[in-house]
Amino acid sequence: IRCSFLMLLCLIYSFVQAQDFEWVAQISGFSEEIGTDVTVDDDGISYACGFFGNTAQFAGGLETSTGSTDAFIVRYGAQGNELGYTLMTGTFDEQFLKFGIDSLIRIYVYAELGDSSLIQGNLIITNTRRAVIQFDSTGQYLSHFDPFTAVGTTIYNVADMEVAKDGTIALIGSFGLNSTIFSANITIGSTVLSDIFSGGFFRPQIWFATYRSDG
């Protein structure tokens with residue numbers, strides 16, 4: 001037992017010693033600056049997303065939110081130098097929450113929107129104020145889609161998103177009722193999922209779906 005314990009300590013020590021610090025970057029401001037997700041491509045370029053209120057200081061400039069919060073994507077080189085950033089602005093709460101890239105370094109972001117969200121002059125409107133937004137490797141807007149549509153007194157969310165190398169997008173979330181009167185439905189593709197209020201209890205349902213990029 002003593003030998004096994006010592007071997008475990010040696011393995012832990014070796015792992016800790018193998019992690020060499022490389023660089024650190026900061027986005028600062030006068031209100032909330034929230035980072036929500038991050039990934040790294042095969043060339044060592046790092047991508048991060050999140051949202052900020054009031055102001056945010058990037059290496060490339062000082063930005064002021066137009067609503068409660070504006071969303072951002074920022075890219076860093078292998079040495080930690082900022083390569084550029086992209087904003088989604090609007091009059092409400094614009095937030096980038098989940099992030100992924102495919103083998104062509106196309107960027108996919110799950111976003112929560114306001115009524116008039118803008119990316120590089122493009123108006124982003126969906127039925128549910130949720131969207132998966134696609135960018136190229138430099139952060140230029142390409143397209144977006146609504147992952148689902150909802151009717152009735154439905155509450156819904158996306159809990160996580162993963163992007164495969166071939167551009168397959170996987171999402172998981174939940175939906176349910178916020179009323180004792182109506183049923184809740186969401187439509188994904190051509191499939192309608194329903195949650196019917198029963199027995200006086202709120203019963204959130206899980207949904208899981210995959211999508212494939214057309215690009």
# chains A, B, ... in the order shown; residues from 1 in each chain; ligands from 1
>>> select_by_dssp(residues="segment 15-210 of chain A", states="helix (DSSP H, G or I)", output="MDAnalysis selection string")
chainID A and resid 15:18
>>> residues_around(residues="Arg130 of chain A", least_positions_apart="6", cutoff="7 Å", atoms="only C-alpha atoms", output="ChimeraX atom specification")
/A:111-113,146
>>> residues_around(residues="segment 20-30 of chain A", least_positions_apart="4", cutoff="9 Å", atoms="only C-alpha atoms", output="PyMOL selection string")
chain A and resi 16+52-59+62+76+78-82
>>> residues_around(residues="Asp70 of chain A", least_positions_apart="3", cutoff="7 Å", atoms="only C-alpha atoms", output="PyMOL selection string")
chain A and resi 51-53+65-67+87-90+93-95
>>> atom_distance(atom1="atom CA of Ile119 of chain A", atom2="atom CA of Phe175 of chain A")
27.6 Å
>>> select_by_dssp(residues="segment 1-199 of chain A", states="strand (DSSP E or B)", output="number ranges by chain")
A: 28, 33-40, 46-52, 55-58, 61-64, 69-76, 82-89, 93, 95-101, 107-112, 117-119, 122-124, 130-135, 141-145, 149-152, 154-163, 168-177, 184-188, 191-195, 198
>>> closest_residue(among="A:Phe92, A:Tyr47, A:Phe99, A:Phe135", to="Gly77 of chain A", atoms="only C-alpha atoms")
A:Tyr47
>>> closest_atom_pairs(of="segment 8-109 of chain A", to="segment 158-174 of chain A", cutoff="8 Å", atoms="only C-alpha atoms", output="CSV")
residue,atom,partner,partner_atom,distance
A:Lys98,CA,A:Met161,CA,6.1
A:Phe99,CA,A:Met161,CA,7.1
A:Gly100,CA,A:Val163,CA,5.2
A:Ile101,CA,A:Val163,CA,6.1
A:Asp102,CA,A:Lys165,CA,4.2
A:Ser103,CA,A:Lys165,CA,4.5
A:Leu104,CA,A:Lys165,CA,7.8
A:Tyr108,CA,A:Val163,CA,7.6
>>> atom_distance(atom1="atom CA of Ser143 of chain A", atom2="atom CA of Gln120 of chain A")
11.7 Å
>>> atom_distance(atom1="atom CA of Gly176 of chain A", atom2="atom CA of Ile155 of chain A")
5.5 Å
>>> closest_residue(among="A:Ile107, A:Leu123, A:Val74, A:Ala184", to="Pro204 of chain A", atoms="only C-alpha atoms")
A:Ala184
